[in-house]
Every structure is written in C-alpha cells, then in structure tokens.
Amino acid sequence: MKTNSIILVVLFFSFSSVVGQGNIPISKKSKVTNKGKFFAYWGWNWAGYSDSDIRFKGADYDFTLQNVSAQDTPSEFTFKKYFGITNLTKPQTNARIGYFFKENYTISIGVDHMKYVVDKEQLVAANGTINIGNAQYDGVYNGQQVQLTADFLRLEHTDGLNYINLQLYRFDDISSWFGLSSDRFQINMTEGFGAGVLYPKTDTSLLGMERHDDYHLSGFGLSAGVGLNITFFKHFFIQADLKGGYINMPSIKTSLNVLDSASQSFYFLQNNILIGGKFSLF
C-alpha cells in the first residue's frame, strides 16, 4: 500500500539522520520524564472499510441493502492542500491533545476526520418494501439485485465520518532495542484503545427525494491501535499509527423528514502519519 511506503520512508530517513551522525558524539542519555506533560498532534489518515448492510426506513419504505462497499477519498497531496491554513480540514485528518497522567500512560481526546463514500453504480441485494408512489422503485424486494445509480442512492459521510473519541494509550521508550542512548533522540512504541461517538456530516440523496447534507450525532465507535513514535530533542515527534475499529450508526439522517433515517455498522482500518510535540504547562 502506498501509505505504508510513505510511513516507512519517513521513519527511515528520520532514523538515518540521527544514526548517520557518526562523527558527532552522542551524550549519555539523561532521564527523560513524561509524567505531567501534555502532548498534541496533527496528521493525516488513509482508511479502508468493510462492506456493510444499510437499512433505510421511512413512512413509505423499509428496506436493507446488503454488503454495500465504500471507499475513503484522500486528497491528492499538494503543499497547499495539506498545509494551507484555509484547507486544513479538507484532507482526511487526525487531531488530538492528551496528558501523561503516569510515566507510561496517556489519556487524550481527539477527532479522526475520515471520509466514507458508497461506491457508485455497484450491484447489491435488496430486501424489504418501497411504496413511495413511484413505479420505478415501488415493490417488495427479496434479494433482488439493484444498482446504486445516482437517482436511487447517493450516500457519503464526507465532511466527514467524524469519530470523536477518548483514548487510553501506553507509551514506552524502546531506543535501547536499536542500541541508542541519547536524550536528543528516542524511539517509542505506543498502543492502546479508544471509544467515542460518530458525528458525521452525511450527504444523501435517496429515491429521488430532496438531498440531505448536514451534521447529526449518529452512533458510536470503538478502536485500538499501535504506533511508532520518534521524538527529537525531548519535545518534537513524528509518529506512524495503525488503527482499527468498529463503527455502529443506528441514526443516520437521510432527508429533512424526521421519519427518514438509515442505520449501518462496519469495521475500519486507518494508516496515520502524525506530527506533534510534548510540553509542560506547569
């Protein structure tokens, strides 16, 4: 995967830039403490999703589309798109702030701003009933194949699939595994789990009804992850994360009518590249 290659290249050159300074004496490592420090990071994610069954309910319909596939939509990389002040939230991003409440443990809150787009024109099985007064769609469905054309369904969580979550993670200095002993450069491993809510902005057109595009508290998520963190000069770091989880959204808004809704659940996997810092406030 292209993302994994980018992560490996970033970590390789970061590691080489320090180890390669063979002519510069590396001071003996002093005790680097974390307890009581805050940290923050900003970064970017590339995500994949499992297929899901999506149920649509309204006054005149109740049907389920089975094994619906979807993709993320990462922005093409340009400096302006990824670092421009007015474009910061346009790519798929991660933002977080946290606290070392113990030497090796952190608690944090953040937002995983993913994007989720149902694949257009795919064929899926449908089960249920539609009775909206349109002969093109009305009927009883028992596993018949339907094509997700623009006039049948357009479903996106693109601004985005916002997973607002708390995380409890462990943080360990593993520099000695690589024969390193310097307080100017650390290699750390971090792993843990999180839980939170989904607050997507869902852009939907269903069965020819009026388009819906708004934020709505739609469900919950659970996640777990592992990361490799490289810290420079005690305070600045880059980090590569692999994070997976489960999302359950029983209350997705699909139109302006309060009776219309959708529900779905699926698994996700994120690759993340993060840039941040550790600091003390007191």
# chains A, B, ... in the order shown; residues from 1 in each chain; ligands from 1
>>> select_by_dssp(residues="stretch 35-279 of chain A", states="strand (DSSP E)", output="number ranges by chain")
A: 38-49, 52-58, 61-68, 70-71, 93-102, 105-118, 123-130, 139-147, 153-173, 185-198, 201-206, 212-215, 219-232, 236-253, 261-279
>>> closest_atom_pairs(of="stretch 183-248 of chain A", to="stretch 92-116 of chain A", cutoff="10 Å", atoms="only C-alpha atoms", output="CSV")
residue,atom,partner,partner_atom,distance
A:Thr190,CA,A:Asn104,CA,9.1
A:Glu191,CA,A:Tyr105,CA,9.7
A:Gly192,CA,A:Thr106,CA,9.3
A:Gly194,CA,A:Ser108,CA,9.2
A:Ala195,CA,A:Ile109,CA,9.9
A:Gly196,CA,A:Ile109,CA,9.3
A:Val197,CA,A:Val111,CA,9.8
A:Leu198,CA,A:Val111,CA,9.7
A:Tyr199,CA,A:His113,CA,9.8
A:Pro200,CA,A:His113,CA,9.0
A:Lys201,CA,A:Lys115,CA,9.7
A:Thr202,CA,A:Tyr116,CA,9.3
>>> closest_residue(among="A:Gln144, A:Ala126, A:Glu156, A:Asp203", to="A:Phe56", atoms="only C-alpha atoms")
A:Ala126
>>> atom_distance(atom1="atom CA of A:Leu269", atom2="atom CA of A:Gly143")
29.1 Å
>>> closest_residue(among="A:Ala240, A:Leu180, A:Val118, A:Val68", to="A:Leu274", atoms="only C-alpha atoms")
A:Ala240
>>> atom_distance(atom1="atom CA of A:Val124", atom2="atom CA of A:Lys253")
21.3 Å
>>> select_by_dssp(residues="stretch 122-258 of chain A", states="helix (DSSP H, G or I)", output="number ranges by chain")
A: 175-178
>>> closest_residue(among="A:Gln186, A:Ser52, A:Gln239, A:Asn134", to="A:Asn67", atoms="only C-alpha atoms")
A:Ser52
>>> residues_around(residues="A:Lys234", least_positions_apart="5", cutoff="12 Å", atoms="only C-alpha atoms", output="ChimeraX atom specification")
/A:29-34,37,39,173,182-188,229,276-280
>>> closest_residue(among="A:Asp72, A:Asp51, A:Asp119, A:Asp260", to="A:Leu207", atoms="only C-alpha atoms")
A:Asp260
